[in-house]
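Reviewing the structure listed below.
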Amino acid sequence: MWTHGLAVACGGAVGALARWLVGMYLPSKGFPWATLFVNVSGSLAFGMLMAALAVRELMPDELRVFVFAGLLGAFTTFSTFSWDTFALFQQGEPLRALLNIAANFALCLAAVAGGYTLINTLK
């Protein structure tokens with residue numbers, strides 16, 4: 001069991017570093033673009049990997065938790081999304097806050113479904 005925890009921690013370190021790099025290189029002036037990007041791209045990767053790895057034996061458990069719970073868990077940033085949305089409300093930007101909620105919800109759901117469908121059509 002400790003190997004799973006170590007795998008999550010290592011994946012989380014990689015995902016958090018990747019998330020930070022996106023934030024450094026994708027400016028978010030007036031709208032949290034970096035958060036939206038990581039949430040959508042992480043959701044797309046999650047959907048594609050879930051479809052590609054539908055058979056559990058294709059990936060050892062430690063690698064699964066490294067990728068899904070660790071790397072993608074740290075890379076996609078729901079807590080940052082929540083803070084960004086709260087901040088937009090606090091700044092008197094309710095329309096931008098609602099746009100952020102709608103865009104993250106719709107695009108991330110579409111990305112998961114699209115990634116899953118894409119990989120299933122390639123099988």
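Chain labels A, B, ... are given in the sequence in which chains occur in the structure tokens; within each chain residues are numbered consecutively from 1, and ligands are likewise numbered from 1 in the order shown.
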Val112 (chain A) environment, 7 Å, only C-alpha atoms, sequence neighbours closer than 2 positions dropped, as a list in words
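Residues near the query, excluding close chain neighbours: Ser43, Leu44, Phe46, Gly47, Cys108, Leu109, Ala110, Gly114, Gly115 and Tyr116 of chain A.
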Excluding Thr76 (chain A) and its own-chain neighbours fewer than 4 positions away, which residues fall within 9 Å of it when counting only C-alpha atoms? Please give them as a PDB file with N, CA and C atoms, in the first residue's frame.
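For reference, result28.pdb as written:
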```
ATOM      1  N   GLY A  15       2.954  16.576 -11.670  1.00  0.00           N
ATOM      2  CA  GLY A  15       1.766  17.317 -12.089  1.00  0.00           C
ATOM      3  C   GLY A  15       1.758  18.748 -11.575  1.00  0.00           C
ATOM      4  N   ALA A  16       2.180  18.935 -10.331  1.00  0.00           N
ATOM      5  CA  ALA A  16       2.217  20.286  -9.763  1.00  0.00           C
ATOM      6  C   ALA A  16       3.248  21.150 -10.483  1.00  0.00           C
ATOM      7  N   ARG A  19       1.802  22.085 -13.801  1.00  0.00           N
ATOM      8  CA  ARG A  19       0.754  23.102 -13.598  1.00  0.00           C
ATOM      9  C   ARG A  19       1.381  24.473 -13.384  1.00  0.00           C
ATOM     10  N   THR A  35      -5.744  28.199 -15.802  1.00  0.00           N
ATOM     11  CA  THR A  35      -6.557  27.209 -15.086  1.00  0.00           C
ATOM     12  C   THR A  35      -7.483  26.483 -16.035  1.00  0.00           C
ATOM     13  N   LEU A  36      -8.125  27.227 -16.927  1.00  0.00           N
ATOM     14  CA  LEU A  36      -9.001  26.596 -17.903  1.00  0.00           C
ATOM     15  C   LEU A  36      -8.211  25.635 -18.787  1.00  0.00           C
ATOM     16  N   PHE A  37      -7.021  26.053 -19.231  1.00  0.00           N
ATOM     17  CA  PHE A  37      -6.194  25.198 -20.080  1.00  0.00           C
ATOM     18  C   PHE A  37      -5.817  23.892 -19.377  1.00  0.00           C
ATOM     19  N   VAL A  38      -5.349  23.978 -18.139  1.00  0.00           N
ATOM     20  CA  VAL A  38      -4.934  22.737 -17.467  1.00  0.00           C
ATOM     21  C   VAL A  38      -6.128  21.846 -17.166  1.00  0.00           C
ATOM     22  N   ASN A  39      -7.261  22.436 -16.834  1.00  0.00           N
ATOM     23  CA  ASN A  39      -8.434  21.610 -16.562  1.00  0.00           C
ATOM     24  C   ASN A  39      -8.917  20.897 -17.818  1.00  0.00           C
ATOM     25  N   VAL A  40      -8.939  21.594 -18.954  1.00  0.00           N
ATOM     26  CA  VAL A  40      -9.406  20.970 -20.200  1.00  0.00           C
ATOM     27  C   VAL A  40      -8.383  19.960 -20.713  1.00  0.00           C
ATOM     28  N   SER A  41      -7.113  20.329 -20.761  1.00  0.00           N
ATOM     29  CA  SER A  41      -6.104  19.396 -21.277  1.00  0.00           C
ATOM     30  C   SER A  41      -5.939  18.194 -20.348  1.00  0.00           C
ATOM     31  N   GLY A  42      -6.023  18.413 -19.050  1.00  0.00           N
ATOM     32  CA  GLY A  42      -5.961  17.293 -18.110  1.00  0.00           C
ATOM     33  C   GLY A  42      -7.163  16.374 -18.241  1.00  0.00           C
ATOM     34  N   SER A  43      -8.331  16.956 -18.472  1.00  0.00           N
ATOM     35  CA  SER A  43      -9.538  16.148 -18.674  1.00  0.00           C
ATOM     36  C   SER A  43      -9.448  15.355 -19.968  1.00  0.00           C
ATOM     37  N   LEU A  71      -0.261  12.631 -10.973  1.00  0.00           N
ATOM     38  CA  LEU A  71       0.058  13.587 -12.030  1.00  0.00           C
ATOM     39  C   LEU A  71      -1.159  14.403 -12.461  1.00  0.00           C
ATOM     40  N   LEU A  72      -2.218  13.728 -12.909  1.00  0.00           N
ATOM     41  CA  LEU A  72      -3.390  14.468 -13.397  1.00  0.00           C
ATOM     42  C   LEU A  72      -4.153  15.124 -12.253  1.00  0.00           C
ATOM     43  N   THR A  80      -7.825  25.703  -7.633  1.00  0.00           N
ATOM     44  CA  THR A  80      -7.464  26.973  -8.257  1.00  0.00           C
ATOM     45  C   THR A  80      -8.647  27.529  -9.044  1.00  0.00           C
TER      46      THR A  80
END
```
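Remark: for Trp83 (chain A), the closest of the candidate residues A:Met59, A:Ala7, A:Ala97, A:Met50 is A:Ala97 (distances computed over only C-alpha atoms).
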I'd like the neighbourhood of Ala87 (chain A) as a ChimeraX atom specification, where a residue qualifies if any of its atoms comes within 12 Å (using only C-alpha atoms), though same-chain residues fewer than 3 positions away should be ignored.
/A:30-32,80-84,90-94,96-98,100
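Each of A:Leu95, A:Ala18, A:Met24, A:Ala103 was checked against Gly73 (chain A) using only C-alpha atoms; the smallest atom-to-atom distance is that of A:Ala18.
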Distance CA of Leu107 (chain A)-CA of Leu63 (chain A), one decimal place?
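Distance reported for this atom pair: 26.7 Å.
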As a check of understanding: the span from CA of Ala51 (chain A) to CA of Leu99 (chain A) is 29.3 Å
Tell me, which residues of chain A carry DSSP alpha helix (DSSP H), written as a ChimeraX atom specification?
/A:2-25,33-52,61-65,73-75,78-90,94-122
Shell around Glu62 (chain A) at 10 Å using only C-alpha atoms, local window under 5 positions removed, as an mmCIF file with C-alpha atoms, in the first residue's frame:
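Okay, result_37.cif is ready:
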```cif
data_model
loop_
_atom_site.group_PDB
_atom_site.id
_atom_site.type_symbol
_atom_site.label_atom_id
_atom_site.label_comp_id
_atom_site.auth_asym_id
_atom_site.auth_seq_id
_atom_site.Cartn_x
_atom_site.Cartn_y
_atom_site.Cartn_z
ATOM 1 C CA MET A 1 0.000 0.000 0.000
ATOM 2 C CA TRP A 2 2.838 2.428 0.718
ATOM 3 C CA THR A 3 3.968 2.027 -2.890
ATOM 4 C CA HIS A 4 0.656 3.528 -3.987
ATOM 5 C CA GLY A 5 1.190 6.505 -1.695
ATOM 6 C CA LEU A 6 4.689 7.014 -3.018
ATOM 7 C CA ALA A 7 3.407 6.775 -6.596
ATOM 8 C CA VAL A 8 0.727 9.413 -5.889
ATOM 9 C CA VAL A 67 -0.799 9.032 -13.533
#
```
Best match for closeness to Ile119 (chain A) among A:Leu58, A:Ala102, A:Met48, A:Ala13, counting only C-alpha atoms:
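That would be A:Met48, the residue with the smallest distance to Ile119 (chain A).
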CA of Gly12 (chain A) to CA of Phe86 (chain A), straight-line distance in Å:
24.6 Å
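Taking only C-alpha atoms into account, Ala45 (chain A) lies nearest to A:Phe75 out of the set A:Lys29, A:Phe75, A:Pro60, A:Leu122.
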Looking at only C-alpha atoms, which of A:Tyr25, A:Ala52, A:Phe66, A:Ala74 is the one that sits closest to Cys10 (chain A)?
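When distances to Cys10 (chain A) are compared using only C-alpha atoms, the smallest one comes from A:Phe66.
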